[in-house]
file upload_34.cif (mmCIF, C-alpha atoms)
data_run
#
loop_
_atom_site.label_atom_id
_atom_site.label_comp_id
_atom_site.auth_asym_id
_atom_site.auth_seq_id
_atom_site.Cartn_x
_atom_site.Cartn_y
_atom_site.Cartn_z
CA MET A 1 34.32 37.90 -9.01
CA ASP A 2 32.36 35.44 -6.90
CA GLU A 3 31.95 35.82 -3.18
CA THR A 4 34.41 33.15 -2.09
CA ALA A 5 37.23 34.93 -3.89
CA VAL A 6 36.50 38.18 -2.02
CA VAL A 7 36.57 36.35 1.31
CA ALA A 8 39.84 34.66 0.36
CA GLY A 9 41.30 38.10 -0.49
CA GLU A 10 40.38 39.36 2.93
CA THR A 11 42.17 36.59 4.75
CA GLU A 12 45.26 37.16 2.64
CA ASN A 13 45.29 40.82 3.61
CA ALA A 14 45.05 40.12 7.34
CA ALA A 15 47.24 42.27 9.60
CA GLY A 16 50.83 41.10 9.64
CA ALA A 17 50.42 38.76 6.66
CA ASP A 18 53.52 37.89 4.67
CA TRP A 19 54.45 39.98 1.63
CA ASN A 20 52.77 38.92 -1.57
CA PRO A 21 54.95 38.54 -4.69
CA VAL A 22 54.10 41.97 -6.08
CA GLU A 23 54.88 43.69 -2.79
CA ARG A 24 58.12 41.78 -2.65
CA VAL A 25 59.12 43.06 -6.11
CA ILE A 26 58.27 46.62 -5.10
CA LEU A 27 60.02 46.53 -1.74
CA GLU A 28 63.13 44.69 -2.87
CA ARG A 29 63.82 46.77 -5.94
CA ARG A 30 67.01 48.80 -5.64
CA SER A 31 68.64 50.92 -8.32
CA VAL A 32 71.47 49.01 -9.93
CA ARG A 33 74.66 50.86 -10.76
CA LYS A 34 76.92 48.04 -11.88
CA TYR A 35 75.96 45.82 -14.80
CA LYS A 36 77.28 42.71 -16.47
CA ASP A 37 78.34 43.09 -20.09
CA ARG A 38 75.88 40.38 -21.12
CA GLN A 39 73.17 41.79 -23.37
CA VAL A 40 69.52 41.42 -22.36
CA PRO A 41 67.65 39.12 -24.81
CA GLU A 42 65.42 41.00 -27.21
CA ASN A 43 62.24 39.21 -26.19
CA VAL A 44 62.79 40.19 -22.56
CA VAL A 45 63.09 43.86 -23.48
CA ARG A 46 59.97 43.61 -25.60
CA ARG A 47 58.13 42.02 -22.70
CA ILE A 48 59.23 44.78 -20.35
CA LEU A 49 58.08 47.47 -22.79
CA GLU A 50 54.74 45.71 -22.93
CA ALA A 51 54.34 46.44 -19.21
CA GLY A 52 54.99 50.10 -20.01
CA ARG A 53 52.45 50.12 -22.81
CA PHE A 54 49.71 49.13 -20.38
CA ALA A 55 50.43 51.85 -17.82
CA PRO A 56 47.62 54.16 -16.73
CA SER A 57 47.57 57.66 -18.18
CA ALA A 58 45.37 60.72 -17.93
CA GLY A 59 42.49 60.46 -20.38
CA ASN A 60 44.15 57.35 -21.82
CA ALA A 61 46.34 59.69 -23.84
CA GLN A 62 49.37 57.36 -23.57
CA PRO A 63 51.68 60.33 -24.08
CA TRP A 64 54.91 58.37 -24.40
CA LYS A 65 57.28 56.95 -26.95
CA PHE A 66 60.12 54.53 -26.33
CA ILE A 67 63.55 54.52 -27.89
CA VAL A 68 65.65 51.45 -27.15
CA ILE A 69 69.39 51.82 -27.57
CA ARG A 70 71.46 48.65 -27.45
CA ASP A 71 74.36 49.76 -29.59
CA ARG A 72 77.51 49.87 -27.49
CA ALA A 73 79.25 52.49 -29.66
CA MET A 74 76.20 54.74 -29.63
CA LEU A 75 75.80 54.44 -25.85
CA ASP A 76 79.46 55.34 -25.38
CA GLU A 77 79.05 58.37 -27.60
CA MET A 78 75.97 59.49 -25.66
CA GLU A 79 77.84 59.07 -22.44
CA ARG A 80 80.73 61.13 -23.78
CA ASP A 81 78.34 63.93 -24.69
CA VAL A 82 76.68 63.84 -21.28
CA VAL A 83 80.11 64.09 -19.67
CA ARG A 84 81.00 67.01 -21.93
CA LEU A 85 77.82 68.87 -21.00
CA CYS A 86 78.39 68.14 -17.33
CA LYS A 87 81.85 69.64 -17.68
CA VAL A 88 80.33 72.80 -19.14
CA PHE A 89 77.86 73.03 -16.26
CA LYS A 90 80.62 72.41 -13.76
CA PHE A 91 82.81 75.10 -15.34
CA PHE A 92 80.12 77.75 -15.03
CA LEU A 93 78.30 76.69 -11.88
CA ASP A 94 80.48 74.73 -9.47
CA TRP A 95 82.06 77.45 -7.37
CA ARG A 96 84.13 74.94 -5.43
CA THR A 97 86.29 73.99 -8.40
CA SER A 98 85.65 76.42 -11.25
CA PRO A 99 88.68 78.22 -12.66
CA LEU A 100 86.52 81.31 -13.14
CA GLY A 101 86.88 82.11 -9.48
CA ARG A 102 84.63 81.49 -6.53
CA SER A 103 82.70 84.75 -6.38
CA VAL A 104 81.72 84.94 -10.05
CA THR A 105 80.70 81.28 -10.24
CA TRP A 106 78.86 81.41 -6.95
CA LEU A 107 76.79 84.33 -8.17
CA MET A 108 76.01 82.58 -11.44
CA ALA A 109 75.02 79.41 -9.59
CA GLN A 110 72.71 81.35 -7.30
CA VAL A 111 70.93 82.79 -10.34
CA PHE A 112 70.70 79.49 -12.22
CA ILE A 113 69.57 77.52 -9.17
CA ARG A 114 66.65 79.92 -8.83
CA ILE A 115 65.72 79.38 -12.47
CA LYS A 116 66.06 75.59 -12.32
CA ARG A 117 65.37 74.82 -8.68
CA ASN A 118 64.66 71.13 -9.15
CA GLN A 119 67.31 70.31 -11.71
CA LEU A 120 69.99 72.00 -9.62
CA HIS A 121 69.01 70.61 -6.24
CA PRO A 122 72.17 69.81 -4.24
CA ILE A 123 71.99 66.10 -5.14
CA PRO A 124 72.07 66.43 -8.97
CA PHE A 125 74.45 69.33 -8.50
CA GLY A 126 76.87 66.93 -6.82
CA ALA A 127 76.22 64.30 -9.49
CA ILE A 128 77.13 66.78 -12.24
CA THR A 129 80.51 67.21 -10.58
CA LEU A 130 81.01 63.46 -10.16
CA ILE A 131 80.13 62.74 -13.80
CA ALA A 132 82.35 65.56 -15.03
CA GLU A 133 85.25 64.21 -12.97
CA GLY A 134 84.66 60.73 -14.38
CA LYS A 135 83.94 59.21 -10.98
CA LEU A 136 80.37 58.31 -11.84
CA ARG A 137 79.27 56.84 -15.15
CA ALA A 138 76.14 58.41 -16.54
CA PHE A 139 74.68 55.12 -17.79
CA HIS A 140 76.56 52.86 -15.37
CA GLY A 141 77.83 50.70 -18.24
CA ALA A 142 74.40 49.20 -18.87
CA PRO A 143 73.99 47.22 -22.13
CA THR A 144 70.50 48.59 -22.85
CA LEU A 145 69.06 52.06 -22.44
CA ILE A 146 65.34 52.81 -22.79
CA LEU A 147 64.63 56.45 -23.50
CA LEU A 148 61.19 57.62 -22.48
CA LEU A 149 59.89 60.48 -24.58
CA GLU A 150 57.00 62.59 -23.49
CA ASP A 151 54.28 63.69 -25.90
CA ARG A 152 53.85 67.35 -25.03
CA ARG A 153 50.26 67.38 -26.25
CA GLY A 154 49.23 64.81 -23.61
CA VAL A 155 46.34 65.29 -21.22
CA SER A 156 47.03 67.53 -18.19
CA ARG A 157 50.42 66.29 -16.91
CA PRO A 158 52.17 64.04 -19.45
CA GLN A 159 55.31 63.85 -17.32
CA VAL A 160 53.38 62.08 -14.56
CA ASP A 161 52.07 59.58 -17.12
CA VAL A 162 55.60 58.93 -18.34
CA GLY A 163 56.54 58.33 -14.70
CA CYS A 164 53.76 55.74 -14.31
CA CYS A 165 54.86 54.06 -17.51
CA GLY A 166 58.48 53.98 -16.40
CA GLU A 167 57.62 52.54 -13.02
CA ASN A 168 55.73 49.71 -14.74
CA ILE A 169 58.80 49.06 -16.88
CA VAL A 170 61.11 49.10 -13.89
CA LEU A 171 58.99 46.78 -11.76
CA ALA A 172 58.44 44.34 -14.62
CA ALA A 173 62.20 44.24 -15.16
CA GLN A 174 62.78 43.63 -11.46
CA SER A 175 60.35 40.71 -11.48
CA MET A 176 62.40 39.14 -14.31
CA GLY A 177 65.64 39.40 -12.37
CA LEU A 178 67.00 42.41 -14.24
CA GLY A 179 68.47 45.55 -12.74
CA THR A 180 67.29 49.03 -13.63
CA CYS A 181 68.25 52.58 -12.85
CA TRP A 182 66.51 55.79 -13.77
CA VAL A 183 68.84 58.17 -15.54
CA GLY A 184 67.60 61.73 -15.58
CA PHE A 185 70.84 62.93 -17.12
CA VAL A 186 69.64 61.96 -20.61
CA GLU A 187 67.70 65.19 -20.33
CA LEU A 188 70.96 66.99 -21.04
CA LEU A 189 70.92 65.54 -24.57
CA LYS A 190 67.89 67.65 -25.44
CA TYR A 191 69.96 70.81 -25.11
CA GLY A 192 72.01 69.99 -28.20
CA LEU A 193 70.75 69.59 -31.76
CA LYS A 194 72.98 66.57 -32.41
CA TRP A 195 71.05 63.87 -30.59
CA ARG A 196 67.66 65.31 -31.34
CA LYS A 197 68.54 65.05 -35.04
CA ARG A 198 70.14 61.66 -34.80
CA LEU A 199 67.30 60.10 -32.83
CA GLY A 200 64.68 61.97 -34.87
CA ILE A 201 63.14 63.66 -31.86
CA GLU A 202 60.92 66.56 -32.86
CA PHE A 203 57.68 68.13 -31.74
CA PRO A 204 55.51 66.82 -30.06
CA TYR A 205 58.12 64.55 -28.50
CA ARG A 206 60.69 65.57 -25.92
CA ILE A 207 63.23 63.51 -23.99
CA CYS A 208 61.86 62.99 -20.51
CA GLU A 209 63.70 60.19 -18.74
CA GLY A 210 65.95 57.23 -19.37
CA ILE A 211 66.05 53.78 -17.84
CA CYS A 212 69.19 51.64 -17.79
CA LEU A 213 68.57 47.95 -18.14
CA GLY A 214 70.86 45.02 -17.62
CA TYR A 215 71.85 42.10 -15.46
CA PRO A 216 73.20 43.30 -12.12
CA VAL A 217 76.61 42.31 -10.81
CA GLY A 218 76.19 40.53 -7.49
CA ASN A 219 72.90 40.78 -5.66
CA PRO A 220 72.05 44.41 -5.02
CA GLN A 221 68.36 43.77 -4.34
CA GLY A 222 66.91 43.59 -0.87
CA MET A 223 64.71 45.31 1.66
CA ILE A 224 66.26 48.28 3.37
CA GLU A 225 65.31 50.93 5.88
CA ARG A 226 63.65 54.09 4.67
CA GLU A 227 62.61 57.29 6.36
CA VAL A 228 59.40 57.20 8.36
CA MET A 229 56.83 59.63 7.00
CA ASP A 230 54.04 61.67 8.52
CA VAL A 231 50.54 60.99 7.30
CA ASP A 232 47.51 63.11 8.16
CA TRP A 233 44.56 60.79 8.70
CA TYR A 234 41.00 62.14 8.60
CA GLU A 235 38.37 59.78 9.91
CA ASP A 236 35.19 59.98 12.01
CA GLY A 237 35.25 63.76 12.09
CA ALA A 238 38.74 64.02 13.54
CA MET A 239 42.30 64.25 12.27
CA ARG A 240 45.21 62.33 13.69
CA LYS A 241 48.86 62.17 12.77
CA VAL A 242 50.05 58.75 11.73
CA ARG A 243 53.69 57.74 11.41
CA GLN A 244 53.93 55.50 8.37
CA GLY A 245 56.45 52.77 9.19
CA GLU A 246 56.40 53.20 12.98
CA ASP A 247 54.12 52.40 15.91
CA ASP A 248 51.33 54.95 16.14
CA VAL A 249 51.59 57.26 19.08
CA THR A 250 48.41 56.96 21.13
CA VAL A 251 47.41 60.13 22.89
CA MET B 1 50.88 78.48 9.41
CA SER B 2 53.55 78.08 6.84
CA GLN B 3 56.31 75.56 7.29
CA PHE B 4 58.75 77.87 5.57
CA SER B 5 59.52 81.44 6.42
CA PHE B 6 59.42 83.90 3.55
CA LEU B 7 63.19 84.28 3.70
CA GLU B 8 63.71 80.52 3.58
CA ARG B 9 61.61 80.26 0.47
CA LEU B 10 63.77 82.81 -1.25
CA SER B 11 67.16 81.56 -0.07
CA VAL B 12 69.07 78.79 -1.72
CA PRO B 13 71.61 77.11 0.57
CA THR B 14 75.30 77.16 -0.18
CA TYR B 15 75.92 73.47 -0.58
CA ASP B 16 79.37 73.17 0.92
CA ASN B 17 78.45 75.12 4.03
CA ASP B 18 77.93 72.86 7.05
CA GLU B 19 75.37 75.29 8.40
CA TYR B 20 72.97 74.53 5.54
CA ALA B 21 73.90 71.03 4.51
CA THR B 22 73.64 67.74 6.37
CA THR B 23 74.73 64.93 4.11
CA GLY B 24 73.67 61.37 4.75
CA ARG B 25 75.64 59.58 7.46
CA LEU B 26 76.50 55.91 7.62
CA PHE B 27 77.05 53.63 10.54
CA ILE B 28 79.80 51.21 9.52
CA ASP B 29 80.38 48.21 11.75
CA HIS B 30 84.11 47.61 11.35
CA GLU B 31 83.84 44.30 13.19
CA ARG B 32 81.80 42.93 10.31
CA CYS B 33 83.28 44.87 7.38
CA ASN B 34 85.94 42.96 5.47
CA GLY B 35 86.81 45.73 3.05
CA CYS B 36 85.55 43.98 -0.08
CA GLY B 37 84.66 47.37 -1.59
CA VAL B 38 81.37 46.49 -3.26
CA CYS B 39 79.61 49.34 -1.45
CA SER B 40 82.13 51.90 -2.67
CA GLN B 41 81.69 50.65 -6.24
CA ILE B 42 77.93 51.02 -6.34
CA CYS B 43 77.60 54.17 -4.19
CA PRO B 44 75.88 56.75 -6.42
CA GLY B 45 77.54 59.62 -4.58
CA LYS B 46 80.96 57.94 -4.39
CA ALA B 47 80.90 58.71 -0.69
CA ILE B 48 82.49 55.48 0.56
CA SER B 49 86.18 54.77 0.28
CA ILE B 50 88.20 51.71 1.23
CA ARG B 51 91.30 52.33 3.26
CA GLY B 52 93.87 50.22 5.03
CA GLU B 53 95.83 47.10 4.19
CA GLY B 54 95.21 43.42 4.87
CA LYS B 55 93.01 42.80 7.90
CA ALA B 56 92.65 46.53 8.57
CA LYS B 57 91.09 47.12 5.15
CA LYS B 58 87.72 48.69 5.91
CA ALA B 59 85.07 50.93 4.39
CA TYR B 60 84.93 54.54 5.52
CA LEU B 61 82.55 57.35 4.81
CA ASP B 62 84.44 60.33 3.40
CA GLU B 63 84.95 62.92 6.09
CA ASP B 64 85.09 65.97 3.87
CA PHE B 65 81.52 66.56 2.64
CA PRO B 66 80.50 63.01 1.62
CA GLN B 67 77.87 63.14 -1.12
CA CYS B 68 75.74 60.49 0.58
CA MET B 69 72.11 60.71 -0.45
CA SER B 70 71.03 58.14 2.15
CA CYS B 71 69.69 55.72 -0.46
CA ASN B 72 70.80 52.65 1.55
CA ASP B 73 71.95 50.84 -1.61
CA CYS B 74 75.12 49.98 0.26
CA ALA B 75 73.09 48.31 3.01
CA ALA B 76 71.21 46.28 0.41
CA ILE B 77 74.31 44.98 -1.36
CA CYS B 78 76.48 44.32 1.73
CA GLU B 79 76.51 40.61 2.39
CA ARG B 80 77.71 41.05 5.94
CA ASP B 81 75.19 43.70 7.01
CA ALA B 82 78.11 45.88 8.01
CA LEU B 83 76.70 49.27 7.15
CA LYS B 84 73.50 51.24 7.00
CA VAL B 85 72.37 54.83 6.80
CA VAL B 86 71.53 56.38 10.14
CA VAL B 87 71.11 60.05 9.23
CA ALA B 88 69.22 61.22 6.16
CA TYR B 89 70.50 64.06 4.04
CA ASP B 90 68.90 67.41 4.64
CA PHE B 91 69.72 70.75 3.10
CA GLY B 92 68.70 74.01 4.66
CA LEU B 93 66.54 76.92 3.57
CA TYR B 94 64.60 76.24 0.37
CA TYR B 95 65.67 72.60 0.18
CA LYS B 96 65.02 71.56 3.75
CA LYS B 97 63.07 68.35 4.28
CA LEU B 98 59.64 68.20 5.83
CA ASN B 99 57.66 65.50 7.62
CA ARG B 100 60.32 62.83 7.63
CA GLY B 101 61.67 60.85 10.52
CA ALA B 102 64.12 58.15 11.53
CA PHE B 103 64.80 55.09 9.40
CA ALA B 104 62.61 52.01 9.58
CA PRO B 105 62.39 48.81 7.50
CA PRO B 106 59.21 47.90 5.59
CA ARG B 107 56.49 46.97 8.00
CA ARG B 108 53.62 44.49 7.66
CA TYR B 109 50.52 46.36 8.65
#
call {"tool": "encode", "arguments": {"input": "upload_34.cif", "output": "structure tokens"}}
result
Amino acid sequence: MDETAVVAGETENAAGADWNPVERVILERRSVRKYKDRQVPENVVRRILEAGRFAPSAGNAQPWKFIVIRDRAMLDEMERDVVRLCKVFKFFLDWRTSPLGRSVTWLMAQVFIRIKRNQLHPIPFGAITLIAEGKLRAFHGAPTLILLLEDRRGVSRPQVDVGCCGENIVLAAQSMGLGTCWVGFVELLKYGLKWRKRLGIEFPYRICEGICLGYPVGNPQGMIEREVMDVDWYEDGAMRKVRQGEDDVTV
Amino acid sequence: MSQFSFLERLSVPTYDNDEYATTGRLFIDHERCNGCGVCSQICPGKAISIRGEGKAKKAYLDEDFPQCMSCNDCAAICERDALKVVVAYDFGLYYKKLNRGAFAPPRRY
């Protein structure tokens, strides 16, 4: 890069400057949970996957594999199976509604939550109930589903690499006017043999995440408010607390 | 100094107990809301319901344990800026939140 370009970059990044297009895509992206029936053109999906292919990964291992599902009947069947599995989970773990009785279920939930602390956080726990009751659709009626598989032989933390790859996919889709939503519930499909066989998933691959893709109904995108976060800032031999998103408190 | 006590690290909250669970809370401006129901359709926790008839048709946050995860998707889709999240969800004990504050929009630093 020549020197003039560097200087131009500095003026663009002056304090209080307007958002650049990439920032705008990042800040305006919202998860979309209502899709039009219209299918996404094939070339657009291919273009989005290309963004995923060029994601950074540890040791350039690229520990991912994509499965694109655009078959309506197949998506419906997957959704049915997710709902069925959610019903099983709800039957054994949701002590508020389980016919097994509150005390037995509560005890079981307490054990299982300790085994799977992240998967059974209160938020997905509530979502399991909603999906089982049919109030929430697992894939939100999206016309295209991208399954992200993780190569378990990847360098250090392949799941993080899959996350990077997925974020590239999601942001590229947003920049093309598409809506996306991460669906972690596809993970349930790895518990049964059926879908692993049908999709040909075997070692070293494992289902990691899913991304719904489609044209959003209405305009769900926009900047919103988010929680302010604490940042510890070490500089010039001292540490200060910075509130990211708020005025700094001067002592 | 640990931010969790030993007991808190071991204890999992009982989700439907108010003592350990603060769900997200919305502020809904009923002057602006026209009860179109888009927010209730896209809410991932199905925490918003539309009640009332005619002019009195408005959005309400469920009173009995709303599963609001304070994602603010409703605020993004609402064309009339009628609602936004004012309290973030927070569960107690092992799942309690750390180092987070009030809500603020993106800021140009």
call {"tool": "resolve_selection", "arguments": {"input": "upload_34.cif", "expression": "the PyMOL selection byres ((chain A and resi 61) around 10)", "output": "PyMOL selection string"}}
result
chain A and resi 56-60+62-64+151+153-156+158+161
call {"tool": "write_last_selection", "arguments": {"input": "upload_34.cif", "atoms": "C-alpha atoms", "output": "PDB file, in the coordinates of the input"}}
result
ATOM      1  CA  PRO A  56      47.620  54.160 -16.730  1.00  0.00           C
ATOM      2  CA  SER A  57      47.570  57.660 -18.180  1.00  0.00           C
ATOM      3  CA  ALA A  58      45.370  60.720 -17.930  1.00  0.00           C
ATOM      4  CA  GLY A  59      42.490  60.460 -20.380  1.00  0.00           C
ATOM      5  CA  ASN A  60      44.150  57.350 -21.820  1.00  0.00           C
ATOM      6  CA  GLN A  62      49.370  57.360 -23.570  1.00  0.00           C
ATOM      7  CA  PRO A  63      51.680  60.330 -24.080  1.00  0.00           C
ATOM      8  CA  TRP A  64      54.910  58.370 -24.400  1.00  0.00           C
ATOM      9  CA  ASP A 151      54.280  63.690 -25.900  1.00  0.00           C
ATOM     10  CA  ARG A 153      50.260  67.380 -26.250  1.00  0.00           C
ATOM     11  CA  GLY A 154      49.230  64.810 -23.610  1.00  0.00           C
ATOM     12  CA  VAL A 155      46.340  65.290 -21.220  1.00  0.00           C
ATOM     13  CA  SER A 156      47.030  67.530 -18.190  1.00  0.00           C
ATOM     14  CA  PRO A 158      52.170  64.040 -19.450  1.00  0.00           C
ATOM     15  CA  ASP A 161      52.070  59.580 -17.120  1.00  0.00           C
TER      16      ASP A 161
END
call {"tool": "residues_around", "arguments": {"input": "upload_34.cif", "residues": "Val68 (chain A)", "least_positions_apart": "2", "cutoff": "9 Å", "atoms": "all atoms listed in the file", "output": "number ranges by chain"}}
result
A: 45, 66, 70, 144-148
call {"tool": "write_last_selection", "arguments": {"input": "upload_34.cif", "atoms": "C-alpha atoms", "output": "mmCIF file, in the coordinates of the input"}}
result
data_model
loop_
_atom_site.group_PDB
_atom_site.id
_atom_site.type_symbol
_atom_site.label_atom_id
_atom_site.label_comp_id
_atom_site.auth_asym_id
_atom_site.auth_seq_id
_atom_site.Cartn_x
_atom_site.Cartn_y
_atom_site.Cartn_z
ATOM 1 C CA VAL A 45 63.090 43.860 -23.480
ATOM 2 C CA PHE A 66 60.120 54.530 -26.330
ATOM 3 C CA ARG A 70 71.460 48.650 -27.450
ATOM 4 C CA THR A 144 70.500 48.590 -22.850
ATOM 5 C CA LEU A 145 69.060 52.060 -22.440
ATOM 6 C CA ILE A 146 65.340 52.810 -22.790
ATOM 7 C CA LEU A 147 64.630 56.450 -23.500
ATOM 8 C CA LEU A 148 61.190 57.620 -22.480
#
call {"tool": "residues_near_point", "arguments": {"input": "upload_34.cif", "point": "(84.8, 66.8, 2.7)", "cutoff": "12 Å", "atoms": "only C-alpha atoms", "output": "number ranges by chain"}}
result
A: 96; B: 15-18, 21-23, 46-48, 61-68
call {"tool": "atom_distance", "arguments": {"input": "upload_34.cif", "atom1": "CA of Arg100 (chain B)", "atom2": "CA of Ile28 (chain B)"}}
result
22.8 Å
call {"tool": "resolve_selection", "arguments": {"input": "upload_34.cif", "expression": "the PyMOL selection byres ((chain A and resi 94) around 12)", "output": "ChimeraX atom specification"}}
result
/A:86-93,95-110,112-113,120,122,124-130,132 /B:14-16
call {"tool": "resolve_selection", "arguments": {"input": "upload_34.cif", "expression": "the PyMOL selection byres ((chain B and resi 36) around 12)", "output": "PyMOL selection string"}}
result
chain B and resi 32-35+37-41+48-60+77-80+82
call {"tool": "atom_distance", "arguments": {"input": "upload_34.cif", "atom1": "CA of Arg117 (chain A)", "atom2": "CA of Leu26 (chain B)"}}
result
27.3 Å
call {"tool": "closest_atom_pairs", "arguments": {"input": "upload_34.cif", "of": "chain A", "to": "chain B", "cutoff": "6 Å", "atoms": "all atoms listed in the file", "output": "CSV"}}
result
residue,atom,partner,partner_atom,distance
A:Ala15,CA,B:Tyr109,CA,5.3
A:Gly16,CA,B:Arg108,CA,4.8
A:Arg33,CA,B:Ile42,CA,5.5
A:Pro220,CA,B:Ile77,CA,4.3
A:Gly222,CA,B:Ala76,CA,5.2
A:Ile224,CA,B:Pro105,CA,5.7
A:Glu225,CA,B:Pro105,CA,4.0
A:Arg226,CA,B:Phe103,CA,5.0
A:Glu227,CA,B:Phe103,CA,4.3
A:Val228,CA,B:Gly101,CA,4.8
A:Met229,CA,B:Arg100,CA,4.8
A:Asp230,CA,B:Asn99,CA,5.3
A:Gly245,CA,B:Arg107,CA,5.9
call {"tool": "atom_distance", "arguments": {"input": "upload_34.cif", "atom1": "CA of Arg53 (chain A)", "atom2": "CA of Trp195 (chain A)"}}
result
24.4 Å
call {"tool": "residues_around", "arguments": {"input": "upload_34.cif", "residues": "Ala51 (chain A)", "least_positions_apart": "6", "cutoff": "8 Å", "atoms": "all atoms listed in the file", "output": "PyMOL selection string"}}
result
chain A and resi 165+168-169+172
call {"tool": "closest_residue", "arguments": {"input": "upload_34.cif", "among": "A:Asp81, A:Asp248, A:Gln119, A:Ser175", "to": "Pro21 (chain A)", "atoms": "only C-alpha atoms"}}
result
A:Ser175
call {"tool": "residues_around", "arguments": {"input": "upload_34.cif", "residues": "Ala142 (chain A)", "least_positions_apart": "3", "cutoff": "10 Å", "atoms": "only C-alpha atoms", "output": "VMD selection string"}}
result
chain A and resid 32 to 40 70 72 75 137 to 139 145 179 to 181 211 to 216
call {"tool": "closest_residue", "arguments": {"input": "upload_34.cif", "among": "A:Asn43, A:Asn13, A:Ser31, A:Asn118", "to": "Asn219 (chain A)", "atoms": "all atoms listed in the file"}}
result
A:Ser31
call {"tool": "residues_near_point", "arguments": {"input": "upload_34.cif", "point": "(54.9, 68.7, -27.0)", "cutoff": "9 Å", "atoms": "all atoms listed in the file", "output": "JSON, numbers by chain"}}
result
{"A": [150, 151, 152, 153, 154, 202, 203, 204, 205, 206]}
call {"tool": "decode", "arguments": {"input": "upload_34.cif", "residues": "region 214-231 of chain A", "atoms": "N, CA and C atoms", "output": "mmCIF file, in the first residue's frame"}}
result
data_model
loop_
_atom_site.group_PDB
_atom_site.id
_atom_site.type_symbol
_atom_site.label_atom_id
_atom_site.label_comp_id
_atom_site.auth_asym_id
_atom_site.auth_seq_id
_atom_site.Cartn_x
_atom_site.Cartn_y
_atom_site.Cartn_z
ATOM 1 N N GLY A 214 -32.809 -17.522 3.685
ATOM 2 C CA GLY A 214 -33.986 -17.223 2.885
ATOM 3 C C GLY A 214 -34.239 -15.734 2.843
ATOM 4 N N TYR A 215 -35.272 -15.362 2.077
ATOM 5 C CA TYR A 215 -35.626 -13.947 2.019
ATOM 6 C C TYR A 215 -36.558 -13.628 3.173
ATOM 7 N N PRO A 216 -36.224 -12.603 3.962
ATOM 8 C CA PRO A 216 -37.053 -12.293 5.125
ATOM 9 C C PRO A 216 -38.395 -11.665 4.742
ATOM 10 N N VAL A 217 -39.400 -11.934 5.554
ATOM 11 C CA VAL A 217 -40.683 -11.256 5.410
ATOM 12 C C VAL A 217 -40.562 -9.910 6.112
ATOM 13 N N GLY A 218 -40.967 -8.851 5.455
ATOM 14 C CA GLY A 218 -40.856 -7.522 6.047
ATOM 15 C C GLY A 218 -39.410 -7.073 6.112
ATOM 16 N N ASN A 219 -39.121 -6.139 6.983
ATOM 17 C CA ASN A 219 -37.747 -5.685 7.134
ATOM 18 C C ASN A 219 -37.293 -5.836 8.580
ATOM 19 N N PRO A 220 -36.760 -7.010 8.918
ATOM 20 C CA PRO A 220 -36.374 -7.231 10.308
ATOM 21 C C PRO A 220 -35.003 -6.669 10.664
ATOM 22 N N GLN A 221 -34.280 -6.122 9.675
ATOM 23 C CA GLN A 221 -32.911 -5.680 9.958
ATOM 24 C C GLN A 221 -32.915 -4.265 10.530
ATOM 25 N N GLY A 222 -31.948 -3.974 11.326
ATOM 26 C CA GLY A 222 -31.827 -2.622 11.861
ATOM 27 C C GLY A 222 -30.945 -2.604 13.090
ATOM 28 N N MET A 223 -30.464 -1.425 13.425
ATOM 29 C CA MET A 223 -29.614 -1.312 14.615
ATOM 30 C C MET A 223 -30.481 -1.275 15.857
ATOM 31 N N ILE A 224 -30.048 -1.957 16.871
ATOM 32 C CA ILE A 224 -30.808 -2.033 18.110
ATOM 33 C C ILE A 224 -29.889 -1.708 19.279
ATOM 34 N N GLU A 225 -30.483 -1.723 20.461
ATOM 35 C CA GLU A 225 -29.672 -1.511 21.661
ATOM 36 C C GLU A 225 -29.175 -2.841 22.177
ATOM 37 N N ARG A 226 -27.988 -2.866 22.661
ATOM 38 C CA ARG A 226 -27.415 -4.067 23.262
ATOM 39 C C ARG A 226 -26.850 -3.716 24.631
ATOM 40 N N GLU A 227 -26.579 -4.753 25.404
ATOM 41 C CA GLU A 227 -26.029 -4.508 26.738
ATOM 42 C C GLU A 227 -24.626 -3.906 26.669
ATOM 43 N N VAL A 228 -24.388 -2.956 27.538
ATOM 44 C CA VAL A 228 -23.067 -2.345 27.671
ATOM 45 C C VAL A 228 -22.157 -3.350 28.383
ATOM 46 N N MET A 229 -20.909 -3.431 27.939
ATOM 47 C CA MET A 229 -20.019 -4.430 28.540
ATOM 48 C C MET A 229 -18.793 -3.792 29.162
ATOM 49 N N ASP A 230 -18.317 -4.415 30.202
ATOM 50 C CA ASP A 230 -17.087 -4.000 30.879
ATOM 51 C C ASP A 230 -15.871 -4.444 30.085
ATOM 52 N N VAL A 231 -14.916 -3.548 29.948
ATOM 53 C CA VAL A 231 -13.647 -3.941 29.331
ATOM 54 C C VAL A 231 -12.527 -3.521 30.278
#
